Amino acid sequence: GDRHAADGVPVSRLRLNRFALTPRITLALGNYVEIYQLAAQVEDPAVLAAYAAKGNSAAAPVSLVNRSSTYDHYDPHAGVQYRVTPTLSVRANAGSSITQPYPALVAGFGSISIPNAANPNYTVAIPNFNLKPETTVAYDVGFDQRFAGDNVLALDAYHLNVHNVFLSQTQAIPAVPNVPGVIPGVTQYLQTNFVNGPEQRSYGLEVAMYKSPPVGLGYYTSLTLNRTFYAQLPLSLYSGNTSPGNVNYNINDVQIFGNPFVKGYGQVFFNTPKGVSVEFGADWEGQDNATFGRPYIITDTSVRVPLGSRRAHLQLSIQNLTNYNPGTALGRTLAAQGNIEPGVYLSKGALLYAGPGASTSTPLQALPPRTARLLLDFAL
């Protein structure tokens with residue numbers, strides 16, 4: 001099976017085996033046992049508790065202790081394909097996997113974000129050693145239909161369940177005195193960490209049309225409809241969010257912020273008889289995308305050239321070809337200029353949405369700038 005160290009590097013892997021049951025039916029099976037081992041250093045809870053009992057946990061000296069934990073999970077994979085006609089095939093797949101937290105979420109010291117012009121909040125981020133890996137269970141059904149001229153239509157419906165989902169948990173803390181660099185009008189003093197929530201669900205539909213000739217002009221287009229939301233979040237999750245000015249953005253059955261309902265991608269490419277390939281693509285992200293701003297299109301291009309006997313290739317690729325950025329040429333986040341993110345707070349045992357006066361305006365996130373990469377690869 002797969003064995004992961006704390007940094008998530010697989011130590012070993014089993015392949016997915018394919019079996020032709022009949023000339024029309026192909027079965028694919030795989031078995032994975034994933035083992036996540038965490039060896040970390042964290043601040044000594046006993047020292048922190050002792051100073052907290054004296055009313056000043058911030059004065060606790062740095063004292064680290066070693067902690068370790070192991071998490072294992074069995075992840076079977078299965079798929080079946082049935083070729084209805086020479087030009088039509090239908091398929092279904094199911095499987096599971098784990099996603100381990102990256103080290104900063106579970107180990108080391110907390111970090112502090114000092115207020116500045118781009119972010120008016122003072123935020124303390126605390127690692128959570130008890131954070132468990134996420135477990136994803138995925139299902140997919142679809143078909144491929146080939147038309148004249150080798151044009152292919154592919155349609156997929158999918159459903160993902162993420163158990164022990166990572167949730168960013170933020171709550172207000174008392175004002176911190178004598179903070180260096182604090183500007184007038186600090187919005188909030190906050191503490192944030194990650195916890196495991198019950199479940200995140202995603203389902204959607206992806207349709208693609210493509211043509212991939214070894215020589216000549218080809219294309220690829222896709223459109224994805226996606227619904228992603230949290231489910232079964234308990235009221236205890238909101239115990240630290242009890243006022244309109246101190247809200248929680250994790251909400252049951254609401255589209256998770258930064259996940260667009262609709263997105264698409266288009267690409268055209270040309271392959272020459274001598275193995276040269278030229279490509280141009282455009283990615284469209286719909287409303288409620290990861291920038292927390294309006295929909296946008298970002299372009300890319302690449303040229304791949306064989307060298308010598310074609311065992312080596314030189315490739316130049318450029319991402320964000322037009323150097324597009326939403327609303328700023330500064331290449332950084334702009335405070336409170338993004339979409340309004342819905343937030344809730346706990347009042348008398350019920351969740352209430354924060355009103356227009358609550359601090360729910362999000363920062364407008366910057367996109368990566370134009371990036372060029374030169375790659376030389378060899379086939380042994």
# chains A, B, ... in the order shown; residues from 1 in each chain; ligands from 1
>>> select_by_dssp(residues="region 90-217 of chain A", states="strand (DSSP E or B)", output="PyMOL selection string")
chain A and resi 90-99+111-113+122-125+134-146+152-172+189-211+216-217
>>> closest_atom_pairs(of="region 87-159 of chain A", to="region 45-66 of chain A", cutoff="10 Å", atoms="only C-alpha atoms", output="tab-separated table")
residue	atom	partner	partner_atom	distance
A:Ala107	CA	A:Asn66	CA	9.8
A:Gly108	CA	A:Leu64	CA	8.4
A:Phe109	CA	A:Leu64	CA	9.0
>>> atom_distance(atom1="CA of Gly338 (chain A)", atom2="CA of Thr192 (chain A)")
20.7 Å
>>> atom_distance(atom1="CA of Ile126 (chain A)", atom2="CA of Ile35 (chain A)")
25.1 Å
>>> closest_residue(among="A:Pro295, A:Pro214, A:Pro133, A:Gly240", to="Lys274 (chain A)", atoms="only C-alpha atoms")
A:Pro214
>>> residues_around(residues="Ala312 (chain A)", least_positions_apart="4", cutoff="6 Å", atoms="only C-alpha atoms", output="ChimeraX atom specification")
/A:306-307,377-378
>>> residues_around(residues="Leu314 (chain A)", least_positions_apart="6", cutoff="6 Å", atoms="only C-alpha atoms", output="PDB file with N, CA, C and O atoms, in the first residue's frame")
ATOM      1  N   ARG A 304       6.782  22.789 -27.260  1.00  0.00           N
ATOM      2  CA  ARG A 304       7.599  21.617 -26.921  1.00  0.00           C
ATOM      3  C   ARG A 304       8.321  21.142 -28.185  1.00  0.00           C
ATOM      4  O   ARG A 304       7.676  20.882 -29.213  1.00  0.00           O
ATOM      5  N   VAL A 305       9.640  21.024 -28.096  1.00  0.00           N
ATOM      6  CA  VAL A 305      10.462  20.699 -29.264  1.00  0.00           C
ATOM      7  C   VAL A 305      11.322  19.482 -28.955  1.00  0.00           C
ATOM      8  O   VAL A 305      12.008  19.449 -27.920  1.00  0.00           O
ATOM      9  N   LEU A 375      11.853  23.704 -19.441  1.00  0.00           N
ATOM     10  CA  LEU A 375      12.014  22.331 -18.960  1.00  0.00           C
ATOM     11  C   LEU A 375      12.755  21.503 -19.998  1.00  0.00           C
ATOM     12  O   LEU A 375      12.405  21.502 -21.188  1.00  0.00           O
ATOM     13  N   LEU A 376      13.781  20.775 -19.547  1.00  0.00           N
ATOM     14  CA  LEU A 376      14.502  19.842 -20.390  1.00  0.00           C
ATOM     15  C   LEU A 376      14.351  18.457 -19.795  1.00  0.00           C
ATOM     16  O   LEU A 376      14.694  18.236 -18.628  1.00  0.00           O
TER      17      LEU A 376
END
>>> select_by_dssp(residues="region 34-97 of chain A", states="alpha helix (DSSP H)", output="VMD selection string")
chain A and resid 45 to 53
>>> residues_around(residues="Gly216 (chain A)", least_positions_apart="6", cutoff="9 Å", atoms="only C-alpha atoms", output="list in words")
Phe269, Phe270, Asn271, Thr272 and Pro273 of chain A
>>> residues_around(residues="Val84 (chain A)", least_positions_apart="2", cutoff="12 Å", atoms="only C-alpha atoms", output="VMD selection string")
chain A and resid 23 to 26 81 to 82 86 to 91 143 to 146
>>> closest_residue(among="A:Asn93, A:Thr291, A:Ser69, A:Thr228", to="Leu27 (chain A)", atoms="only C-alpha atoms")
A:Asn93
>>> atom_distance(atom1="CA of Leu321 (chain A)", atom2="CA of Tyr296 (chain A)")
13.5 Å
>>> residues_around(residues="Ala157 (chain A)", least_positions_apart="4", cutoff="7 Å", atoms="only C-alpha atoms", output="PyMOL selection string")
chain A and resi 140-142+204-206
